[in-house]
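A quick write-up on the structure given underneath.
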Amino acid sequence: MKIKNKKLYQTYTAVPHGKSSTDEIRNLLNRIAAGDVDYEQDELENLIYAILNNDLIGYQKPKYRVRLNGLVGYNGQQYVTRSKKDNHYFACGLKNSRVKAGDLIQQFGIDETKRIVNLLDNGVQVKPVNE
């Protein structure tokens, strides 16, 4: 990606201490909307594309935990957990001393969270027990 207006790029990527690059982009867009910045469409696209691809904005998609209300074990409140080893779901507390850190996943993206909630809503079956 070639940046046509290097001065504009450098102005908005030189982030002063204590400010985020997100603030700088917001300020740039506000100035453009107010007509304070003369730009060409492709220059603006190049600028934003370059900033995003140079990891100047550390965007991370939100993560969610699925709490299993009413399920409390020896290690506290239980949450849906997925094993990295075999991708199976089960209930586990946030702090489990029996498991090596990093082996379990308890924070999920929105798509996986929706899938888990759907499994819980539609996958619970109650069957009679014959003793």
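We name chains A, B, ... following the order of the structure tokens; residues begin at 1 in each chain, and ligands are numbered from 1 as shown.
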**Report entry** Shell around Gln107 (chain A) at 7 Å using only C-alpha atoms, local window under 4 positions removed, as a ChimeraX atom specification
**Finding:** /A:63-65
Could you please take those selected residues and save N, CA and C atoms as an mmCIF file, in the first residue's frame?
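To be explicit, this is the file written out as part18.cif:
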data_model
loop_
_atom_site.group_PDB
_atom_site.id
_atom_site.type_symbol
_atom_site.label_atom_id
_atom_site.label_comp_id
_atom_site.auth_asym_id
_atom_site.auth_seq_id
_atom_site.Cartn_x
_atom_site.Cartn_y
_atom_site.Cartn_z
ATOM 1 N N LYS A 63 -14.964 -10.697 23.850
ATOM 2 C CA LYS A 63 -15.083 -12.095 24.260
ATOM 3 C C LYS A 63 -16.163 -12.187 25.338
ATOM 4 N N TYR A 64 -16.756 -13.365 25.450
ATOM 5 C CA TYR A 64 -17.852 -13.582 26.391
ATOM 6 C C TYR A 64 -17.627 -14.879 27.156
ATOM 7 N N ARG A 65 -18.110 -14.894 28.401
ATOM 8 C CA ARG A 65 -18.143 -16.118 29.194
ATOM 9 C C ARG A 65 -19.593 -16.547 29.318
#
Query raised in the report: Within 12 Å of Val66 (chain A), counting only C-alpha atoms, which residues qualify if same-chain residues fewer than 2 places away don't, as JSON, numbers by chain?
Result: {"A": [63, 64, 68, 69, 71, 77, 78, 79, 80, 81, 82, 89, 90, 91, 92, 93, 94, 105, 106, 107, 108, 109, 110, 112, 113, 114, 115, 116, 117, 118, 119, 120]}
Spatial neighbours of Lys84 (chain A), 6 Å, only C-alpha atoms, chain gap at least 3 places, as an mmCIF file with C-alpha atoms, in the first residue's frame:
data_model
loop_
_atom_site.group_PDB
_atom_site.id
_atom_site.type_symbol
_atom_site.label_atom_id
_atom_site.label_comp_id
_atom_site.auth_asym_id
_atom_site.auth_seq_id
_atom_site.Cartn_x
_atom_site.Cartn_y
_atom_site.Cartn_z
ATOM 1 C CA ASN A 87 -12.658 -29.255 21.635
ATOM 2 C CA ASP A 103 -5.353 -25.847 28.256
ATOM 3 C CA LEU A 104 -8.917 -24.548 28.630
#
